$ cat data23.pdb   # PDB, C-alpha atoms
ATOM      1  CA  MET A   1    -239.645 -41.851 -59.406
ATOM      2  CA  PRO A   2    -238.085 -41.256 -56.089
ATOM      3  CA  PRO A   3    -240.225 -39.781 -53.403
ATOM      4  CA  PRO A   4    -240.025 -35.990 -53.064
ATOM      5  CA  GLY A   5    -237.091 -35.106 -50.946
ATOM      6  CA  ALA A   6    -235.304 -38.288 -51.872
ATOM      7  CA  LYS A   7    -233.682 -36.572 -54.833
ATOM      8  CA  GLY A   8    -232.295 -33.941 -52.516
ATOM      9  CA  GLU A   9    -230.977 -36.609 -50.220
ATOM     10  CA  ILE A  10    -229.386 -38.438 -53.111
ATOM     11  CA  LEU A  11    -227.773 -35.218 -54.313
ATOM     12  CA  MET A  12    -226.614 -34.458 -50.797
ATOM     13  CA  SER A  13    -225.372 -37.970 -50.402
ATOM     14  CA  ARG A  14    -223.438 -37.669 -53.641
ATOM     15  CA  ALA A  15    -222.038 -34.265 -52.629
ATOM     16  CA  THR A  16    -220.996 -35.657 -49.268
ATOM     17  CA  THR A  17    -219.426 -38.653 -50.916
ATOM     18  CA  ARG A  18    -217.653 -36.419 -53.401
ATOM     19  CA  ARG A  19    -216.487 -34.131 -50.606
ATOM     20  CA  ARG A  20    -215.209 -37.078 -48.616
ATOM     21  CA  LYS A  21    -213.318 -38.349 -51.657
ATOM     22  CA  VAL A  22    -211.748 -34.920 -52.249
ATOM     23  CA  LEU A  23    -210.804 -34.657 -48.580
ATOM     24  CA  ALA A  24    -209.405 -38.180 -48.657
ATOM     25  CA  ILE A  25    -207.342 -37.369 -51.746
ATOM     26  CA  LEU A  26    -206.112 -34.134 -50.148
ATOM     27  CA  ALA A  27    -205.259 -35.941 -46.920
ATOM     28  CA  GLY A  28    -203.458 -38.632 -48.877
ATOM     29  CA  GLY A  29    -201.567 -35.974 -50.807
ATOM     30  CA  LEU A  30    -200.659 -34.253 -47.568
ATOM     31  CA  VAL A  31    -199.394 -37.522 -46.105
ATOM     32  CA  LEU A  32    -197.476 -38.217 -49.309
ATOM     33  CA  GLY A  33    -196.106 -34.641 -49.315
ATOM     34  CA  ILE A  34    -194.910 -34.956 -45.726
ATOM     35  CA  GLY A  35    -193.469 -38.342 -46.511
ATOM     36  CA  ALA A  36    -191.707 -36.977 -49.584
ATOM     37  CA  ALA A  37    -190.381 -33.986 -47.618
ATOM     38  CA  TYR A  38    -189.214 -36.321 -44.867
ATOM     39  CA  THR A  39    -187.570 -38.558 -47.442
ATOM     40  CA  LEU A  40    -185.850 -35.560 -49.056
ATOM     41  CA  ALA A  41    -184.679 -34.307 -45.658
ATOM     42  CA  GLN A  42    -183.071 -37.644 -45.005
ATOM     43  CA  TRP A  43    -181.018 -37.268 -48.184
ATOM     44  CA  ASN A  44    -179.787 -33.721 -47.521
ATOM     45  CA  ASP A  45    -176.551 -33.141 -45.626
ATOM     46  CA  SER A  46    -174.104 -30.294 -44.894
ATOM     47  CA  GLU A  47    -170.370 -30.170 -44.281
ATOM     48  CA  PHE A  48    -168.374 -27.277 -42.757
ATOM     49  CA  ALA A  49    -164.686 -26.526 -42.225
ATOM     50  CA  THR A  50    -162.936 -23.667 -40.444
ATOM     51  CA  GLY A  51    -159.369 -22.431 -40.225
ATOM     52  CA  ASP A  52    -157.575 -20.109 -37.802
ATOM     53  CA  PHE A  53    -155.084 -17.512 -39.013
ATOM     54  CA  THR A  54    -152.469 -15.339 -37.329
ATOM     55  CA  ALA A  55    -150.165 -12.838 -38.999
ATOM     56  CA  GLY A  56    -146.430 -13.317 -38.565
ATOM     57  CA  THR A  57    -144.246 -10.708 -36.896
ATOM     58  CA  PHE A  58    -141.468  -8.642 -38.331
ATOM     59  CA  VAL A  59    -139.301  -6.115 -36.443
ATOM     60  CA  PHE A  60    -136.286  -4.269 -37.856
ATOM     61  CA  GLU A  61    -133.955  -2.949 -35.136
ATOM     62  CA  GLY A  62    -130.641  -1.203 -34.755
ATOM     63  CA  SER A  63    -127.975  -0.810 -32.080
ATOM     64  CA  ALA A  64    -125.261   1.803 -31.603
ATOM     65  CA  ASP A  65    -123.414  -0.384 -29.066
ATOM     66  CA  GLY A  66    -123.937  -3.859 -30.560
ATOM     67  CA  VAL A  67    -125.831  -5.024 -27.459
ATOM     68  CA  ASP A  68    -129.012  -3.020 -26.906
ATOM     69  CA  PHE A  69    -131.289  -3.178 -29.944
ATOM     70  CA  ASP A  70    -134.330  -0.995 -30.412
ATOM     71  CA  ASP A  71    -136.764  -0.012 -33.145
ATOM     72  CA  HIS A  72    -135.825   3.444 -34.503
ATOM     73  CA  ALA A  73    -138.721   3.756 -36.955
ATOM     74  CA  THR A  74    -138.394   7.443 -37.859
ATOM     75  CA  SER A  75    -135.556   9.940 -38.286
ATOM     76  CA  GLY A  76    -136.830  11.681 -35.150
ATOM     77  CA  GLU A  77    -136.160   8.472 -33.181
ATOM     78  CA  ALA A  78    -132.768   7.775 -34.786
ATOM     79  CA  ALA A  79    -130.132   6.055 -32.669
ATOM     80  CA  SER A  80    -127.210   8.277 -31.715
ATOM     81  CA  LEU A  81    -124.014   7.020 -33.348
ATOM     82  CA  ALA A  82    -120.791   7.063 -31.344
ATOM     83  CA  PHE A  83    -118.284   8.524 -33.806
ATOM     84  CA  GLU A  84    -114.711   8.480 -32.617
ATOM     85  CA  THR A  85    -112.919  11.533 -31.303
ATOM     86  CA  GLY A  86    -112.590  14.255 -33.888
ATOM     87  CA  ALA A  87    -116.102  14.126 -35.307
ATOM     88  CA  ASP A  88    -116.790  17.397 -33.482
ATOM     89  CA  ASN A  89    -113.626  19.100 -34.791
ATOM     90  CA  LEU A  90    -113.314  18.132 -38.461
ATOM     91  CA  ALA A  91    -110.804  19.563 -40.910
ATOM     92  CA  PRO A  92    -110.527  18.799 -44.641
ATOM     93  CA  GLY A  93    -109.227  15.255 -45.142
ATOM     94  CA  ASP A  94    -110.271  14.000 -41.674
ATOM     95  CA  VAL A  95    -111.913  10.565 -41.521
ATOM     96  CA  VAL A  96    -114.061   9.340 -38.620
ATOM     97  CA  TYR A  97    -115.742   5.975 -37.982
ATOM     98  CA  ALA A  98    -118.753   4.628 -36.086
ATOM     99  CA  ALA A  99    -120.133   1.113 -35.683
ATOM    100  CA  TYR A 100    -123.801   0.244 -36.027
ATOM    101  CA  ALA A 101    -125.638  -3.083 -35.999
ATOM    102  CA  LEU A 102    -128.893  -4.122 -37.664
ATOM    103  CA  ARG A 103    -131.106  -7.145 -37.066
ATOM    104  CA  VAL A 104    -134.506  -8.537 -37.922
ATOM    105  CA  THR A 105    -136.596 -10.467 -35.430
ATOM    106  CA  GLY A 106    -139.827 -12.322 -35.967
ATOM    107  CA  SER A 107    -141.136 -14.755 -38.531
ATOM    108  CA  TYR A 108    -139.406 -13.585 -41.687
ATOM    109  CA  ASP A 109    -136.056 -12.848 -43.295
ATOM    110  CA  ALA A 110    -135.721  -9.412 -44.887
ATOM    111  CA  ALA A 111    -134.368  -7.757 -47.999
ATOM    112  CA  LEU A 112    -132.089  -4.897 -46.927
ATOM    113  CA  THR A 113    -131.543  -1.639 -48.786
ATOM    114  CA  ALA A 114    -129.629   1.461 -47.757
ATOM    115  CA  VAL A 115    -130.852   4.972 -48.434
ATOM    116  CA  ALA A 116    -128.284   7.677 -49.170
ATOM    117  CA  PRO A 117    -127.449   9.555 -45.949
ATOM    118  CA  VAL A 118    -129.246  12.867 -45.532
ATOM    119  CA  ALA A 119    -127.317  15.820 -44.114
ATOM    120  CA  THR A 120    -128.711  18.875 -42.345
ATOM    121  CA  GLY A 121    -127.279  22.278 -41.476
ATOM    122  CA  SER A 122    -124.145  23.421 -43.325
ATOM    123  CA  PHE A 123    -123.629  19.897 -44.657
ATOM    124  CA  THR A 124    -126.650  20.113 -46.955
ATOM    125  CA  THR A 125    -124.242  21.599 -49.499
ATOM    126  CA  ALA A 126    -123.260  18.537 -51.508
ATOM    127  CA  GLY A 127    -119.734  17.249 -51.320
ATOM    128  CA  LYS A 128    -118.599  18.581 -47.917
ATOM    129  CA  LEU A 129    -118.781  15.064 -46.452
ATOM    130  CA  THR A 130    -118.631  11.649 -48.105
ATOM    131  CA  TYR A 131    -120.048   8.449 -46.634
ATOM    132  CA  ASP A 132    -119.125   4.762 -46.907
ATOM    133  CA  ALA A 133    -120.256   1.572 -45.169
ATOM    134  CA  VAL A 134    -118.974  -1.993 -44.991
ATOM    135  CA  SER A 135    -120.160  -5.107 -43.223
ATOM    136  CA  THR A 136    -117.909  -6.567 -40.510
ATOM    137  CA  SER A 137    -117.904  -9.935 -38.762
ATOM    138  CA  ALA A 138    -117.917  -8.378 -35.274
ATOM    139  CA  PHE A 139    -119.191  -5.134 -33.800
ATOM    140  CA  GLY A 140    -116.549  -2.413 -34.041
ATOM    141  CA  CYS A 141    -115.239   0.038 -36.550
ATOM    142  CA  ASP A 142    -111.965   1.612 -37.650
ATOM    143  CA  GLU A 143    -109.951   1.982 -40.847
ATOM    144  CA  SER A 144    -108.997  -1.719 -40.803
ATOM    145  CA  ALA A 145    -112.675  -2.596 -41.340
ATOM    146  CA  PHE A 146    -112.478  -1.033 -44.788
ATOM    147  CA  ALA A 147    -109.428  -3.116 -45.619
ATOM    148  CA  GLY A 148    -111.124  -6.408 -44.673
ATOM    149  CA  GLY A 149    -114.844  -5.618 -44.575
ATOM    150  CA  GLY A 150    -117.384  -6.772 -47.086
ATOM    151  CA  ALA A 151    -120.313  -5.277 -48.908
ATOM    152  CA  VAL A 152    -123.441  -4.608 -46.889
ATOM    153  CA  PRO A 153    -125.596  -7.720 -47.442
ATOM    154  CA  ALA A 154    -128.782  -7.568 -49.462
ATOM    155  CA  THR A 155    -130.677  -9.797 -46.996
ATOM    156  CA  ILE A 156    -130.818 -10.399 -43.268
ATOM    157  CA  ALA A 157    -132.003 -13.724 -41.860
ATOM    158  CA  SER A 158    -134.393 -13.456 -38.930
ATOM    159  CA  GLY A 159    -132.350 -13.419 -35.719
ATOM    160  CA  ASP A 160    -129.042 -12.634 -37.439
ATOM    161  CA  VAL A 161    -127.081  -9.437 -36.763
ATOM    162  CA  VAL A 162    -125.420  -7.398 -39.518
ATOM    163  CA  ASN A 163    -122.539  -5.336 -38.121
ATOM    164  CA  LEU A 164    -121.697  -2.197 -40.063
ATOM    165  CA  CYS A 165    -118.767   0.178 -40.060
ATOM    166  CA  LEU A 166    -119.691   3.694 -41.192
ATOM    167  CA  ARG A 167    -117.004   6.034 -42.470
ATOM    168  CA  VAL A 168    -117.367   9.813 -42.898
ATOM    169  CA  THR A 169    -114.684  11.804 -44.726
ATOM    170  CA  ALA A 170    -114.441  15.593 -44.678
ATOM    171  CA  THR A 171    -113.568  16.933 -48.137
ATOM    172  CA  ASN A 172    -111.648  20.036 -49.197
ATOM    173  CA  THR A 173    -114.906  21.964 -49.565
ATOM    174  CA  LEU A 174    -115.477  21.841 -45.783
ATOM    175  CA  GLU A 175    -115.545  25.370 -44.376
ATOM    176  CA  GLN A 176    -114.655  26.598 -40.895
ATOM    177  CA  GLY A 177    -117.672  26.578 -38.606
ATOM    178  CA  ASP A 178    -119.756  24.158 -40.704
ATOM    179  CA  THR A 179    -122.171  22.305 -38.469
ATOM    180  CA  GLY A 180    -125.047  19.908 -38.887
ATOM    181  CA  SER A 181    -125.988  16.273 -38.637
ATOM    182  CA  VAL A 182    -126.321  13.290 -40.919
ATOM    183  CA  VAL A 183    -129.095  10.683 -40.832
ATOM    184  CA  TRP A 184    -128.477   7.156 -42.154
ATOM    185  CA  GLN A 185    -131.435   5.023 -43.146
ATOM    186  CA  TRP A 186    -131.821   1.347 -43.968
ATOM    187  CA  ASN A 187    -135.037  -0.279 -45.107
ATOM    188  CA  ALA A 188    -136.002  -3.896 -44.552
ATOM    189  CA  GLU A 189    -138.766  -5.676 -46.448
ATOM    190  CA  SER A 190    -140.036  -8.988 -45.142
ATOM    191  CA  GLN A 191    -139.595 -12.049 -47.345
ATOM    192  CA  SER A 192    -141.936 -14.987 -46.994
TER     193      SER A 192
END

$ encode --input "data23.pdb" --output "C-alpha cells"
Amino acid sequence: MPPPGAKGEILMSRATTRRRKVLAILAGGLVLGIGAAYTLAQWNDSEFATGDFTAGTFVFEGSADGVDFDDHATSGEAASLAFETGADNLAPGDVVYAAYALRVTGSYDAALTAVAPVATGSFTTAGKLTYDAVSTSAFGCDESAFAGGGAVPATIASGDVVNLCLRVTATNTLEQGDTGSVVWQWNAESQS
C-alpha cells in the first residue's frame, strides 16, 4: 500500500502527465496547422488584368456655303439655305435651287437617310411646293445638277463631304401671298 498522500501524488502526477500530453498534442497540432496553412498559402496565387476603354466620336454637320460646317442638331438651329433669286417672289411653275453640303467627322462612317421636308405657314397645304435633291461632285446648284447629278448616297464615309443640290418647284396650287418656310432634315447613324 502506498503511504497516505502518495495516492494523491500519484493521481496528481498522472493528471499532470496527462495534461502535458494533451498540451503537447495541441501544440503539435497547432504547429502542424500553421505549417499546413503556410503550405497552402504557398500554393495559392492570383492573376489580374485590366483594360482601358474610350468611346469613339461621331459628328454630323452641314454647310450652306460648302466651307463652314457646323452641327445643326435641331430644326431651331437649322442652317439658312441660300436659294437663288426668285425664292421670295414665286409664281406657279417657278423653280429655285440651293446647295447644301453634309459631312461626318469622327471615328465612324454613317448611314444617311433623308426625311421629307416639312413646310410651315401657307405651305403646309400639301402640293403647293415640291422638293427634289441630287448629289453633286462639287458644291453648287442649278438646273444642270439635275441633268448630271446622282442619287443622294445611302452612306457617308468619315471625313467625306456629300454635296447636295436642292430644288423647289412652285405648283399651280400656289396662291398669291402664300408665305412660310421649309425645313429639310437628314439623319446619320454611325456604323462600326

$ closest_residue --input "data23.pdb" --among "A:Pro153, A:Gly180, A:Gly140, A:Gly148" --to "Ala87 in chain A" --atoms "all atoms listed in the file"
A:Gly180

$ resolve_selection --input "data23.pdb" --expression "the PyMOL selection byres ((chain A and resi 67) around 12)" --output "PyMOL selection string"
chain A and resi 61-66+68-70+99-103+138-140+161+163

$ axis_aligned_box --input "data23.pdb" --around "range 55-69 of chain A" --padding-each-side "3 Å" --output "lines of an AutoDock Vina configuration file"
center_x = -136.8
center_y = -5.8
center_z = -33.0
size_x = 32.8
size_y = 21.1
size_z = 18.1

$ atom_distance --input "data23.pdb" --atom1 "CA of Ala78 in chain A" --atom2 "CA of Ser181 in chain A"
11.5 Å

$ residues_around --input "data23.pdb" --residues "Val118 in chain A" --least-positions-apart "5" --cutoff "10 Å" --atoms "all atoms listed in the file" --output "JSON, numbers by chain"
{"A": [123, 124, 181, 182, 183, 184, 185]}

$ closest_residue --input "data23.pdb" --among "A:Ala79, A:Val95, A:Ala111, A:Val59" --to "Thr169 in chain A" --atoms "only C-alpha atoms"
A:Val95

$ atom_distance --input "data23.pdb" --atom1 "CA of Ala170 in chain A" --atom2 "CA of Val115 in chain A"
19.9 Å

$ atom_distance --input "data23.pdb" --atom1 "CA of Ser190 in chain A" --atom2 "CA of Ala110 in chain A"
4.3 Å

$ resolve_selection --input "data23.pdb" --expression "the PyMOL selection byres ((chain A and resi 147) around 12)" --output "PyMOL selection string"
chain A and resi 133-136+141-146+148-151+165

$ closest_residue --input "data23.pdb" --among "A:Gln176, A:Ser137, A:Thr54, A:Thr85" --to "Ser107 in chain A" --atoms "all atoms listed in the file"
A:Thr54

$ closest_residue --input "data23.pdb" --among "A:Ala73, A:Leu174, A:Ala55, A:Ala188" --to "Ala126 in chain A" --atoms "all atoms listed in the file"
A:Leu174
